[in-house]
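> Quick one: this structure, given as structure tokens, is what I'll be asking you about.
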Amino acid sequence: MMYESSNKILVIEDDKVTRNLYLKGLEAKGFDTIGADNGLAGIQKAQERIPDLVICDITMPDMDGYSVLTTLRQDPLTAIIPFIFLTGSSTKADVRKAMELGADDYLTKPSTLDELLRAIAIRLEKQASLQYWCNIKFEKAAKSVFRDNTTAIAGGVGVAVGVGVGESSGREAMNPDSSSIFPCIPQLKEVFDFIEAHYHEGITLCDVAIAVGYSPAYLTNRVARQTGQTVNCWIVKRRMAGARFLLQNNNQTVEKIAKTLGYQDVSHFSRQFRQHHGLPPQAWRKEYSQ
């Protein structure tokens, strides 16, 4: 199978013989290859060339592979690039550390070229699917903004869809103080403000990433590093706070509450609520309602 020449693979490996072996094997399969003989050079080439995928050793003299991965994940330009460790280190602790830092795959030496090619193909396919999905979401978001702006201009006042005259949108009824939910981190204010404004619309990590101008991978790493939790966790926390308030303060059905909070499936809402509170919504309401 020949790959498109646009598929650039960066190989970071301090052993010259091993590095050249990988480079020649990948070139023979149609890849555009880039070689780096140490971690610092690898980071520089990744930032300059923006490869489609990085293959990296762990044990290197100047900077180990973990540090290379951490640095690339912190740079918006390289944060989402698929990253595969190919190394002689195979302990469970090493593999776990690699995954926790955000590696996409972990292969141990010796590995055949076919094994490496399969790993590369899977990661490139997954990356292409993610980019396609994000592009679709971005187009929908752009159309929504255009439609909302057009409605506001035409009508003079933005009216929420499905809310009639004299009818409450329900937002006031599920707005506990956000300061009690989100941490006070100025660098993430834009992230939490977007979640606060849109959590009831069924938003995902990709929606938040588009809104704040980062890749999903970079945003995940940034939020997790500063809060210890993912973007999706914060979205769910905000929805759960709204769920508790609605369950305690009105007589809406669980199905209605789930829909109000942006859930398409009431069963999904009920499972998630039980995971966070130890009780299904209706049982929790009976125990804690005023």
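Following the order of the structure tokens, chains are lettered A, B, ..., residues in each are numbered from 1, and ligands are numbered from 1.
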Give me the residues near region 98-103 of chain A as a list in words, where near means some atom within 7 Å (using only C-alpha atoms) and where sequence neighbours in that chain fewer than 4 positions away do not count.

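Listed by chain and then number, they are Tyr66, Thr70, Phe83, Ile84 and Asp94 of chain A.
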
> Would you list the contacts of region 53-57 of chain A as a list in words, taking every protein, DNA or RNA residue within 8 Å and counting only C-alpha atoms, but skipping same-chain residues closer than 2 positions in sequence?

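Near neighbours after the sequence-gap exclusion: Asn7, Lys8, Ile9, Leu10, Val11, Ile12, Glu13, Asp14, Pro51, Thr59, Met60, Asp64, Gly65, Ile81, Pro82, Phe83, Ile84, Phe85, Leu86, Thr87, Ile120 and Leu124 of chain A.
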
> Quick one: of A:Ala79, A:Leu107, A:Leu72, A:Val223, who's nearest to Leu205 (chain A), counting only C-alpha atoms?

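Comparing A:Ala79, A:Leu107, A:Leu72, A:Val223 against Leu205 (chain A), the winner is A:Val223.
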
> Between A:Lys109, A:Leu117, A:Leu77, A:Ser289, which is the closest to Asn250 (chain A) once you count only C-alpha atoms?

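So, comparing all the options, the nearest one is A:Ser289.
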
> Quick one: distance from CA of Gln282 (chain A) to CA of Asn249 (chain A) in Å, one decimal?

13.0 Å

> Would you compute the distance between CA of Ala209 (chain A) and CA of Glu255 (chain A)? Give it in Å to one decimal.

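Answer for the CA of Ala209 (chain A) to CA of Glu255 (chain A) separation: 28.9 Å.
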
> When you draw a straight line from CA of Gly228 (chain A) to CA of Asp105 (chain A), how long is it in Å?

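Interatomic distance, CA of Gly228 (chain A) to CA of Asp105 (chain A): 22.4 Å.
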
> Please provide as a VMD selection string all residues within 9 Å of His276 (chain A), with the sequence filter that same-chain residues fewer than 5 positions apart are discarded (counting only C-alpha atoms).

chain A and resid 237 240 271
